[in-house]
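Structure data (mmCIF, C-alpha atoms) from model.cif:
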data_upload
loop_
_atom_site.label_atom_id
_atom_site.label_comp_id
_atom_site.auth_asym_id
_atom_site.auth_seq_id
_atom_site.Cartn_x
_atom_site.Cartn_y
_atom_site.Cartn_z
CA MET A 1 20.78 45.47 2.32
CA SER A 2 19.33 48.30 4.41
CA ALA A 3 16.93 47.54 7.25
CA PHE A 4 14.27 49.53 5.41
CA LYS A 5 14.60 47.42 2.23
CA LYS A 6 14.66 44.19 4.26
CA ASN A 7 11.50 45.19 6.11
CA LYS A 8 9.75 46.07 2.83
CA MET A 9 10.71 42.69 1.32
CA THR A 10 9.38 40.82 4.37
CA LYS A 11 6.10 42.73 4.12
CA ASN A 12 5.86 41.93 0.38
CA THR A 13 6.54 38.22 1.04
CA ILE A 14 3.83 38.10 3.72
CA LYS A 15 1.39 39.83 1.34
CA LEU A 16 2.29 37.44 -1.50
CA ASN A 17 1.82 34.36 0.71
CA LYS A 18 -1.52 35.70 1.90
CA ASN A 19 -2.64 36.21 -1.72
CA LEU A 20 -1.47 32.72 -2.70
CA LYS A 21 -3.36 31.21 0.23
CA ALA A 22 -6.51 33.12 -0.78
CA ARG A 23 -6.08 31.88 -4.37
CA ASP A 24 -5.72 28.25 -3.20
CA GLU A 25 -8.85 28.54 -1.06
CA LEU A 26 -10.78 30.08 -3.95
CA LEU A 27 -9.72 27.32 -6.33
CA LEU A 28 -10.68 24.58 -3.85
CA THR A 29 -14.06 26.24 -3.23
CA ALA A 30 -14.61 26.59 -6.99
CA THR A 31 -14.00 22.88 -7.60
CA HIS A 32 -16.38 21.99 -4.75
CA LYS A 33 -19.07 24.33 -6.10
CA LEU A 34 -18.69 22.94 -9.64
CA ARG A 35 -19.44 19.44 -8.39
CA THR A 36 -22.97 20.39 -7.30
CA PRO A 37 -24.40 21.29 -10.76
CA LEU A 38 -22.45 18.33 -12.12
CA SER A 39 -24.15 16.03 -9.61
CA ILE A 40 -27.52 17.38 -10.73
CA ILE A 41 -26.73 16.68 -14.42
CA ARG A 42 -25.54 13.18 -13.55
CA LEU A 43 -28.47 12.28 -11.28
CA TYR A 44 -31.15 13.44 -13.72
CA THR A 45 -29.40 11.82 -16.71
CA GLU A 46 -29.34 8.54 -14.76
CA MET A 47 -33.03 8.93 -13.93
CA LEU A 48 -33.84 9.42 -17.62
CA MET A 49 -31.64 6.45 -18.56
CA ARG A 50 -33.70 4.23 -16.27
CA GLU A 51 -36.82 5.27 -18.14
CA GLN A 52 -35.36 5.11 -21.65
CA ASP A 53 -37.78 2.50 -23.03
CA ASN A 54 -39.85 5.31 -24.52
CA LEU A 55 -36.89 7.00 -26.20
CA SER A 56 -35.73 6.56 -29.80
CA ALA A 57 -32.32 5.05 -30.56
CA ARG A 58 -31.01 8.53 -31.42
CA GLN A 59 -32.28 9.98 -28.12
CA LYS A 60 -30.70 7.09 -26.19
CA ASP A 61 -27.40 7.75 -27.96
CA ILE A 62 -27.57 11.48 -27.11
CA LEU A 63 -28.39 10.66 -23.49
CA SER A 64 -25.46 8.29 -23.19
CA LYS A 65 -23.12 11.00 -24.59
CA ILE A 66 -24.38 13.51 -22.00
CA TYR A 67 -23.70 10.89 -19.30
CA ILE A 68 -20.17 10.16 -20.57
CA GLY A 69 -19.52 13.91 -20.68
CA SER A 70 -20.63 14.28 -17.06
CA LEU A 71 -18.29 11.46 -15.99
CA LYS A 72 -15.38 13.06 -17.83
CA MET A 73 -16.12 16.39 -16.19
CA ALA A 74 -16.19 14.74 -12.76
CA ASP A 75 -12.74 13.23 -13.47
CA LEU A 76 -11.42 16.59 -14.59
CA ILE A 77 -12.75 18.43 -11.52
CA ASP A 78 -11.20 15.74 -9.28
CA LEU A 79 -7.88 16.13 -11.08
CA PHE A 80 -7.88 19.94 -10.80
CA SER A 81 -8.88 19.75 -7.16
CA TYR A 82 -6.02 17.32 -6.56
CA ILE A 83 -3.53 19.55 -8.40
CA PHE A 84 -4.63 22.63 -6.44
CA SER A 85 -4.09 20.77 -3.18
CA LEU A 86 -0.63 19.64 -4.38
CA GLU A 87 0.36 23.11 -5.57
CA GLY A 88 -0.81 24.81 -2.40
CA ASP A 89 0.07 24.28 1.24
CA ALA A 90 -2.94 22.07 1.94
CA LEU A 91 -1.14 18.79 1.12
CA LYS A 92 -0.97 16.47 4.12
CA VAL A 93 1.83 13.91 3.84
CA LYS A 94 1.10 10.92 6.10
CA LEU A 95 4.20 8.78 6.32
CA LYS A 96 4.19 5.07 7.15
CA LYS A 97 6.15 1.95 6.23
CA ILE A 98 4.93 0.80 2.80
CA ASP A 99 5.52 -2.55 1.09
CA ILE A 100 6.16 -1.12 -2.39
CA VAL A 101 5.44 -4.29 -4.39
CA LYS A 102 2.16 -4.83 -2.54
CA SER A 103 1.06 -1.23 -3.18
CA PHE A 104 2.00 -1.42 -6.86
CA SER A 105 0.18 -4.77 -7.25
CA GLU A 106 -2.99 -3.07 -5.98
CA VAL A 107 -2.60 -0.29 -8.57
CA ILE A 108 -2.02 -2.84 -11.37
CA GLN A 109 -5.15 -4.69 -10.23
CA ALA A 110 -7.16 -1.44 -10.28
CA LEU A 111 -5.98 -0.69 -13.84
CA SER A 112 -6.43 -4.27 -15.07
CA PRO A 113 -9.59 -3.47 -17.14
CA GLU A 114 -7.54 -1.05 -19.28
CA ILE A 115 -4.59 -3.49 -19.46
CA GLU A 116 -6.85 -6.33 -20.55
CA LYS A 117 -8.75 -4.15 -23.03
CA LYS A 118 -5.50 -3.57 -24.96
CA LYS A 119 -4.32 -7.17 -24.37
CA ILE A 120 -1.10 -5.79 -22.84
CA LYS A 121 1.22 -8.07 -20.90
CA ALA A 122 2.10 -6.13 -17.75
CA THR A 123 4.78 -7.64 -15.54
CA LEU A 124 6.01 -6.58 -12.13
CA LYS A 125 9.49 -7.88 -11.44
CA ARG A 126 9.47 -8.93 -7.81
CA PRO A 127 12.67 -8.39 -5.85
CA LYS A 128 14.01 -11.34 -3.78
CA ASN A 129 13.31 -9.54 -0.52
CA LYS A 130 10.45 -7.22 0.31
CA ILE A 131 11.25 -3.54 -0.26
CA PHE A 132 9.79 -1.08 2.21
CA LEU A 133 9.62 2.68 1.83
CA PHE A 134 8.69 5.20 4.50
CA ALA A 135 6.10 7.10 2.43
CA ASP A 136 2.55 8.39 2.05
CA GLU A 137 0.80 5.42 0.47
CA ASP A 138 -1.77 7.51 -1.44
CA LEU A 139 0.97 9.65 -2.96
CA ILE A 140 3.27 6.78 -3.94
CA LYS A 141 0.30 4.97 -5.49
CA GLU A 142 -0.68 8.16 -7.35
CA ILE A 143 2.82 8.46 -8.84
CA PHE A 144 2.80 4.82 -9.95
CA LYS A 145 -0.81 4.96 -11.20
CA ASN A 146 -0.04 7.96 -13.40
CA LEU A 147 3.11 6.38 -14.86
CA LEU A 148 1.35 3.07 -15.49
CA SER A 149 -1.81 4.58 -16.96
CA ASN A 150 0.33 6.73 -19.28
CA ALA A 151 2.25 3.64 -20.37
CA ILE A 152 -1.04 1.83 -21.08
CA LYS A 153 -2.49 4.81 -22.93
CA TYR A 154 0.44 5.18 -25.30
CA SER A 155 1.20 1.46 -25.84
CA PRO A 156 -0.05 -0.45 -28.88
CA GLN A 157 -2.36 -3.45 -28.54
CA LYS A 158 -0.72 -6.72 -27.44
CA SER A 159 2.51 -5.00 -26.36
CA ALA A 160 4.30 -5.26 -23.00
CA ILE A 161 4.80 -3.06 -19.95
CA ARG A 162 7.54 -3.87 -17.45
CA VAL A 163 7.64 -2.58 -13.89
CA ASP A 164 10.78 -2.93 -11.85
CA VAL A 165 11.48 -2.11 -8.19
CA GLN A 166 14.96 -2.23 -6.73
CA LYS A 167 17.14 -1.06 -3.88
CA LYS A 168 20.40 0.45 -5.10
CA SER A 169 23.12 2.62 -3.55
CA GLY A 170 21.03 3.83 -0.64
CA ALA A 171 17.97 4.53 -2.79
CA ILE A 172 14.75 2.82 -3.79
CA ILE A 173 14.20 3.07 -7.51
CA PHE A 174 11.21 1.98 -9.52
CA SER A 175 10.64 2.13 -13.25
CA VAL A 176 7.84 1.69 -15.77
CA LYS A 177 8.89 0.67 -19.27
CA ASP A 178 6.62 0.62 -22.32
CA PHE A 179 7.06 -0.11 -26.02
CA GLY A 180 4.72 2.61 -27.18
CA CYS A 181 4.97 5.71 -29.34
CA GLY A 182 7.75 7.38 -27.32
CA ILE A 183 8.38 11.12 -27.00
CA PRO A 184 9.97 13.18 -29.80
CA GLN A 185 13.49 14.24 -28.79
CA ALA A 186 12.85 17.98 -29.21
CA GLU A 187 9.83 17.88 -26.88
CA GLN A 188 11.30 15.82 -24.04
CA LYS A 189 12.23 18.90 -21.99
CA TYR A 190 8.53 19.79 -21.62
CA ILE A 191 7.37 16.38 -20.41
CA PHE A 192 6.73 17.32 -16.75
CA LYS A 193 5.09 20.66 -17.69
CA LYS A 194 1.39 21.33 -17.08
CA ILE A 195 -1.03 20.47 -19.94
CA PHE A 196 1.80 19.37 -22.23
CA ARG A 197 1.00 16.66 -24.76
CA ALA A 198 3.61 15.50 -27.26
CA SER A 199 2.83 16.21 -30.92
CA ASN A 200 2.90 12.52 -31.91
CA VAL A 201 0.21 11.52 -29.33
CA GLN A 202 -2.04 14.42 -30.31
CA LYS A 203 -2.22 12.89 -33.82
CA LEU A 204 -3.20 9.51 -32.34
CA ASN A 205 -6.44 10.93 -30.87
CA ILE A 206 -5.83 9.43 -27.43
CA ASP A 207 -7.86 10.91 -24.55
CA GLY A 208 -5.82 12.83 -22.00
CA PHE A 209 -5.42 16.21 -20.36
CA GLY A 210 -1.61 16.37 -20.27
CA LEU A 211 -1.60 16.46 -16.48
CA ASP A 212 -0.51 12.96 -15.37
CA LEU A 213 3.23 13.60 -15.53
CA TYR A 214 2.81 17.11 -14.15
CA VAL A 215 1.17 15.50 -11.08
CA VAL A 216 4.06 13.02 -10.82
CA GLY A 217 6.56 15.90 -10.96
CA LEU A 218 4.64 17.90 -8.33
CA ILE A 219 4.43 15.02 -5.84
CA ILE A 220 8.10 14.21 -6.29
CA LYS A 221 9.07 17.85 -5.78
CA LYS A 222 6.97 18.04 -2.59
CA THR A 223 8.27 14.79 -1.13
CA GLY A 224 11.98 14.85 -1.89
CA GLY A 225 12.11 12.30 -4.72
CA LYS A 226 13.70 12.31 -8.16
CA ALA A 227 12.21 11.46 -11.56
CA TRP A 228 13.82 11.00 -14.96
CA PHE A 229 13.18 9.13 -18.18
CA SER A 230 14.58 8.02 -21.49
CA SER A 231 12.52 7.74 -24.60
CA THR A 232 12.87 7.00 -28.29
CA GLU A 233 10.12 7.89 -30.70
CA LYS A 234 8.24 4.86 -32.06
CA LYS A 235 10.18 2.54 -29.71
CA GLY A 236 8.95 3.43 -26.24
CA SER A 237 9.82 5.08 -22.95
CA ILE A 238 11.10 4.19 -19.53
CA PHE A 239 10.27 6.40 -16.53
CA TYR A 240 12.25 6.15 -13.28
CA VAL A 241 11.41 7.43 -9.80
CA SER A 242 13.73 7.27 -6.83
CA TYR A 243 13.61 8.07 -3.13
CA LYS A 244 16.35 7.86 -0.56
CA GLU A 245 16.09 4.70 1.55
CA THR A 246 15.05 6.94 4.44
CA GLY A 247 11.87 7.67 2.50
CA MET A 248 9.71 10.63 1.59
CA ILE A 249 10.15 13.99 3.21
CA LYS A 250 7.76 16.92 3.28
CA GLN A 251 9.50 19.81 1.51
CA MET B 1 -36.09 -8.09 -9.29
CA VAL B 2 -37.77 -9.60 -6.21
CA LYS B 3 -37.66 -7.67 -2.99
CA ILE B 4 -37.86 -9.34 0.39
CA LYS B 5 -41.25 -8.55 1.91
CA ASN B 6 -41.84 -6.79 5.23
CA MET B 7 -38.54 -4.99 4.91
CA LYS B 8 -39.87 -1.49 4.29
CA LYS B 9 -37.25 0.79 5.75
CA ASN B 10 -37.38 4.39 6.69
CA ILE B 11 -34.50 6.64 5.63
CA LEU B 12 -33.73 10.29 6.26
CA ILE B 13 -32.06 12.33 3.50
CA VAL B 14 -30.44 15.59 4.60
CA GLU B 15 -29.41 17.72 1.62
CA ASP B 16 -29.65 21.48 1.01
CA GLU B 17 -29.68 21.36 -2.80
CA LYS B 18 -33.36 20.91 -3.66
CA LEU B 19 -32.76 19.29 -7.08
CA ILE B 20 -30.43 16.68 -5.59
CA LEU B 21 -32.79 16.04 -2.68
CA SER B 22 -35.69 15.58 -5.07
CA ALA B 23 -33.71 13.11 -7.26
CA PHE B 24 -32.71 11.01 -4.21
CA LYS B 25 -36.24 11.08 -2.78
CA ASP B 26 -37.78 10.04 -6.09
CA ARG B 27 -35.39 7.10 -6.54
CA PHE B 28 -35.56 5.80 -2.96
CA GLU B 29 -39.37 5.96 -2.97
CA LYS B 30 -39.37 3.97 -6.22
CA GLU B 31 -37.16 1.41 -4.44
CA GLY B 32 -39.84 1.06 -1.77
CA PHE B 33 -38.35 3.13 1.06
CA ASP B 34 -40.22 5.52 3.32
CA VAL B 35 -38.31 8.75 2.82
CA LEU B 36 -38.02 11.65 5.24
CA ALA B 37 -36.30 14.76 3.88
CA ALA B 38 -34.56 17.74 5.46
CA GLU B 39 -32.63 20.68 3.99
CA ASN B 40 -30.15 21.25 6.81
CA GLY B 41 -28.83 19.64 9.98
CA GLU B 42 -31.22 21.41 12.33
CA GLU B 43 -34.26 20.28 10.32
CA GLY B 44 -32.72 16.80 10.14
CA LEU B 45 -32.48 16.54 13.93
CA LYS B 46 -36.15 17.55 14.24
CA LYS B 47 -37.14 14.79 11.80
CA ILE B 48 -35.15 12.23 13.83
CA ALA B 49 -36.94 13.35 17.00
CA GLN B 50 -40.30 12.76 15.29
CA LYS B 51 -39.40 9.38 13.77
CA ARG B 52 -36.15 7.51 14.23
CA PRO B 53 -34.83 6.55 10.74
CA ASP B 54 -33.16 3.22 9.95
CA LEU B 55 -30.43 5.04 8.03
CA ILE B 56 -29.37 8.61 7.26
CA LEU B 57 -27.94 9.97 4.00
CA LEU B 58 -26.15 13.14 5.04
CA ASP B 59 -24.68 16.05 3.09
CA ILE B 60 -21.90 18.05 4.77
CA ALA B 61 -21.81 21.62 3.44
CA MET B 62 -25.24 23.00 4.41
CA PRO B 63 -26.52 26.29 5.83
CA ILE B 64 -27.80 26.73 9.43
CA MET B 65 -26.29 23.45 10.68
CA ASP B 66 -23.76 21.51 8.61
CA GLY B 67 -23.46 17.74 8.37
CA PHE B 68 -20.49 17.48 10.76
CA GLU B 69 -22.40 19.22 13.55
CA MET B 70 -25.50 17.13 12.91
CA LEU B 71 -23.41 13.93 12.92
CA GLU B 72 -21.77 14.91 16.20
CA THR B 73 -25.20 15.55 17.76
CA ILE B 74 -26.59 12.22 16.50
CA ARG B 75 -23.64 10.28 17.89
CA SER B 76 -23.81 11.99 21.27
CA ASN B 77 -27.37 10.75 21.74
CA GLU B 78 -27.55 7.20 23.16
CA GLU B 79 -30.74 6.34 21.22
CA ASN B 80 -29.37 7.42 17.84
CA LYS B 81 -25.78 6.35 18.31
CA LYS B 82 -26.12 3.26 16.15
CA ILE B 83 -28.06 4.67 13.19
CA PRO B 84 -25.92 4.03 10.07
CA VAL B 85 -24.91 7.30 8.40
CA ILE B 86 -23.78 7.55 4.77
CA VAL B 87 -22.00 10.84 4.27
CA LEU B 88 -22.70 12.07 0.74
CA THR B 89 -20.78 15.16 -0.18
CA ASN B 90 -18.83 16.91 -2.88
CA LEU B 91 -16.15 18.16 -0.50
CA ASP B 92 -12.66 16.79 -1.10
CA LYS B 93 -12.05 13.33 0.35
CA LYS B 94 -8.53 13.69 1.69
CA ASN B 95 -9.44 16.35 4.25
CA ASN B 96 -13.02 15.38 5.01
CA ILE B 97 -13.10 11.56 5.20
CA PRO B 98 -10.98 11.44 8.38
CA LYS B 99 -13.15 14.09 10.06
CA ALA B 100 -16.40 12.35 9.06
CA ALA B 101 -15.01 8.98 10.21
CA ASP B 102 -13.92 10.46 13.56
CA LEU B 103 -17.42 11.81 14.08
CA GLY B 104 -18.95 8.40 13.40
CA ALA B 105 -19.87 8.29 9.70
CA THR B 106 -20.34 4.72 8.52
CA ILE B 107 -19.23 5.35 4.94
CA PHE B 108 -18.30 8.33 2.78
CA LEU B 109 -19.35 8.79 -0.87
CA THR B 110 -18.68 11.66 -3.28
CA LYS B 111 -21.90 12.75 -4.99
CA ALA B 112 -20.35 13.75 -8.33
CA ASN B 113 -18.53 10.39 -8.54
CA SER B 114 -21.29 8.06 -7.33
CA SER B 115 -24.18 6.84 -9.45
CA LEU B 116 -27.68 6.63 -7.98
CA ASP B 117 -27.44 2.86 -8.43
CA GLU B 118 -24.29 2.75 -6.27
CA ILE B 119 -25.88 4.90 -3.55
CA VAL B 120 -28.99 2.70 -3.48
CA LYS B 121 -26.83 -0.44 -3.47
CA GLN B 122 -24.76 0.81 -0.52
CA THR B 123 -27.89 1.81 1.38
CA LYS B 124 -29.49 -1.60 0.88
CA LYS B 125 -26.27 -3.37 1.81
CA MET B 126 -26.07 -1.47 5.07
CA LEU B 127 -29.67 -2.23 5.87
CA GLY B 128 -29.28 -5.91 5.01
CA ILE B 129 -31.76 -5.71 2.13
CA LEU B 130 -31.14 -8.20 -0.64
CA ASP B 131 -32.23 -7.97 -4.28
CA PHE B 132 -32.54 -11.07 -6.42
#

Please go through the file and, once you have read it, give me the structure as structure tokens.
Amino acid sequence: MSAFKKNKMTKNTIKLNKNLKARDELLLTATHKLRTPLSIIRLYTEMLMREQDNLSARQKDILSKIYIGSLKMADLIDLFSYIFSLEGDALKVKLKKIDIVKSFSEVIQALSPEIEKKKIKATLKRPKNKIFLFADEDLIKEIFKNLLSNAIKYSPQKSAIRVDVQKKSGAIIFSVKDFGCGIPQAEQKYIFKKIFRASNVQKLNIDGFGLDLYVVGLIIKKTGGKAWFSSTEKKGSIFYVSYKETGMIKQ
Amino acid sequence: MVKIKNMKKNILIVEDEKLILSAFKDRFEKEGFDVLAAENGEEGLKKIAQKRPDLILLDIAMPIMDGFEMLETIRSNEENKKIPVIVLTNLDKKNNIPKAADLGATIFLTKANSSLDEIVKQTKKMLGILDF
């Protein structure tokens, strides 16, 4: 390659990186700005809800739907803001020694209202010895939370979810197994893509944005992990995540 | 609900969005607080100089003087060093909680994710006010 071409490519790369950085900043600012009108909607809806004695049953119902909508929008803005930070260069990976089972137990506890609502039996198979991973605790919890909440979402009532953590061949592997609707074979290649939802779950009318597994894939890509799964429609899925024993790395 | 008597507290709310400020003011006054209000950090510091509040609810992204600068100024003043400060913002947590904590914020809440009830509850808890 000539020096001229090389110089031109370097200039183009610098320009592209600058544009990407500007885009990331714009997206983060946009999510921050969107939260302000959302806060106003939420605050004033709450104020009206406190004074709802004078409202009819229909008006109360409408008010509660506006409130639920505002909560859903807040969740969505949080999720987009999180994804923008993962996609961009702003992600700060803070590594420390994590007791994996302890961290996962905290996530299970946080999701226990949803587990109990569907009367699901969730079990975490505890290894004989404690397993530690050098990782960012927020990120490892986010991966596990997304896998577990997906398993809950797509599991039938009174079914089971099994979580397993093990140390094997120089790696730490954890898995989340459910007995839910599974993923159709032809669509499995899209599972870690953004806003993908399998055709069978769309028919079930289950709430979701199709971003949970995309987030899992992004974090894993940024921290040097691996993710894979196996799934059979109408029987269930098992998702695996692994990191080298040496832990997460910032890519 | 029975409130403990003689516990009327004075709080300062610093928030540049008028509609949010008005909603907070309305609710805290209904809860029996004396409420001082300011629309930016500079105005907030003037209010503190006039009357020392028992607690401050502080936004971060504001014109003229932002919440971080105001917090830094409050903490550098011996008299105001111990005033509890609840940082209430819509900025992202991951990057801003550590900065607010370093500057001396007592707790950090996201406005779009916190109900008025939660904000009032946290405020009362920090001031040692009990509801029955």

Determine, for each residue of range 29-95 of chain B having at least one atom at most 6 Å from an atom of range 6-22 of chain B, the closest pair of atoms and their separation in Å to one decimal, counting all atoms listed in the file; order by chain and ascending number, as JSON lines.
{"residue": "B:Phe33", "atom": "CA", "partner": "B:Lys9", "partner_atom": "CA", "distance": 5.4}
{"residue": "B:Asp34", "atom": "CA", "partner": "B:Asn10", "partner_atom": "CA", "distance": 4.5}
{"residue": "B:Val35", "atom": "CA", "partner": "B:Ile11", "partner_atom": "CA", "distance": 5.2}
{"residue": "B:Leu36", "atom": "CA", "partner": "B:Leu12", "partner_atom": "CA", "distance": 4.6}
{"residue": "B:Ala37", "atom": "CA", "partner": "B:Ile13", "partner_atom": "CA", "distance": 4.9}
{"residue": "B:Ala38", "atom": "CA", "partner": "B:Val14", "partner_atom": "CA", "distance": 4.7}
{"residue": "B:Glu39", "atom": "CA", "partner": "B:Asp16", "partner_atom": "CA", "distance": 4.3}
{"residue": "B:Asn40", "atom": "CA", "partner": "B:Asp16", "partner_atom": "CA", "distance": 5.8}
{"residue": "B:Pro53", "atom": "CA", "partner": "B:Ile11", "partner_atom": "CA", "distance": 5.1}
{"residue": "B:Asp54", "atom": "CA", "partner": "B:Asn10", "partner_atom": "CA", "distance": 5.5}
{"residue": "B:Leu55", "atom": "CA", "partner": "B:Ile11", "partner_atom": "CA", "distance": 5.0}
{"residue": "B:Ile56", "atom": "CA", "partner": "B:Leu12", "partner_atom": "CA", "distance": 4.8}
{"residue": "B:Leu57", "atom": "CA", "partner": "B:Ile13", "partner_atom": "CA", "distance": 4.8}
{"residue": "B:Leu58", "atom": "CA", "partner": "B:Val14", "partner_atom": "CA", "distance": 5.0}
{"residue": "B:Asp59", "atom": "CA", "partner": "B:Glu15", "partner_atom": "CA", "distance": 5.2}
{"residue": "B:Met62", "atom": "CA", "partner": "B:Asp16", "partner_atom": "CA", "distance": 5.8}

For chain B, list the residues within 8 Å of chain A, counting only C-alpha atoms, and write the list as a PyMOL selection string.
-> chain B and resi 19-20+23+27+90-92+111-113+115-116

Any chance you could resolve the PyMOL selection byres ((chain A and resi 227) around 6) against this file and give the residues as a list in words?
->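 On this input, the PyMOL selection byres ((chain A and resi 227) around 6) captures Lys226, Trp228, Tyr240 and Val241 of chain A.
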
How would the residues just picked look written out with C-alpha atoms as a short mmCIF file (atom, residue, chain, number, x, y, z; two decimals), in the coordinates of the input?
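After the write, out_26.cif holds the following:
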data_model
loop_
_atom_site.label_atom_id
_atom_site.label_comp_id
_atom_site.auth_asym_id
_atom_site.auth_seq_id
_atom_site.Cartn_x
_atom_site.Cartn_y
_atom_site.Cartn_z
CA LYS A 226 13.70 12.31 -8.16
CA TRP A 228 13.82 11.00 -14.96
CA TYR A 240 12.25 6.15 -13.28
CA VAL A 241 11.41 7.43 -9.80
#

Name every residue that the PyMOL selection byres ((chain A and resi 216) around 8) selects in this structure, writing the answer as an NGL selection string with chains first and numbers rising.
-> :A and (142-143 or 146-147 or 192 or 212-215 or 217-220)

Take the selection from the previous step and output its residues with C-alpha atoms, as a short mmCIF file (atom, residue, chain, number, x, y, z; two decimals), keeping the file's coordinate frame.
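Result file is out_3.cif:
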data_model
loop_
_atom_site.label_atom_id
_atom_site.label_comp_id
_atom_site.auth_asym_id
_atom_site.auth_seq_id
_atom_site.Cartn_x
_atom_site.Cartn_y
_atom_site.Cartn_z
CA GLU A 142 -0.68 8.16 -7.35
CA ILE A 143 2.82 8.46 -8.84
CA ASN A 146 -0.04 7.96 -13.40
CA LEU A 147 3.11 6.38 -14.86
CA PHE A 192 6.73 17.32 -16.75
CA ASP A 212 -0.51 12.96 -15.37
CA LEU A 213 3.23 13.60 -15.53
CA TYR A 214 2.81 17.11 -14.15
CA VAL A 215 1.17 15.50 -11.08
CA GLY A 217 6.56 15.90 -10.96
CA LEU A 218 4.64 17.90 -8.33
CA ILE A 219 4.43 15.02 -5.84
CA ILE A 220 8.10 14.21 -6.29
#

Check the smallest atom-to-atom distance from each of A:Lys189, A:Lys72, A:Lys145, A:Arg126 to Asp164 in chain A using only C-alpha atoms, then report the winner.
->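 Nearest to Asp164 in chain A: A:Arg126.
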
Using the chain letters and numbering of this document, enumerate as a PDB file with C-alpha atoms, in the frame of the given file the residues selected by the PyMOL selection byres ((chain A and resi 101) around 8).
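Wrote expr_32.pdb, looks like this:
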ATOM      1  CA  ASP A  99       5.520  -2.550   1.090  1.00  0.00           C
ATOM      2  CA  ILE A 100       6.160  -1.120  -2.390  1.00  0.00           C
ATOM      3  CA  LYS A 102       2.160  -4.830  -2.540  1.00  0.00           C
ATOM      4  CA  SER A 103       1.060  -1.230  -3.180  1.00  0.00           C
ATOM      5  CA  PHE A 104       2.000  -1.420  -6.860  1.00  0.00           C
ATOM      6  CA  SER A 105       0.180  -4.770  -7.250  1.00  0.00           C
ATOM      7  CA  ARG A 126       9.470  -8.930  -7.810  1.00  0.00           C
ATOM      8  CA  LYS A 130      10.450  -7.220   0.310  1.00  0.00           C
ATOM      9  CA  ILE A 131      11.250  -3.540  -0.260  1.00  0.00           C
ATOM     10  CA  VAL A 165      11.480  -2.110  -8.190  1.00  0.00           C
TER      11      VAL A 165
END
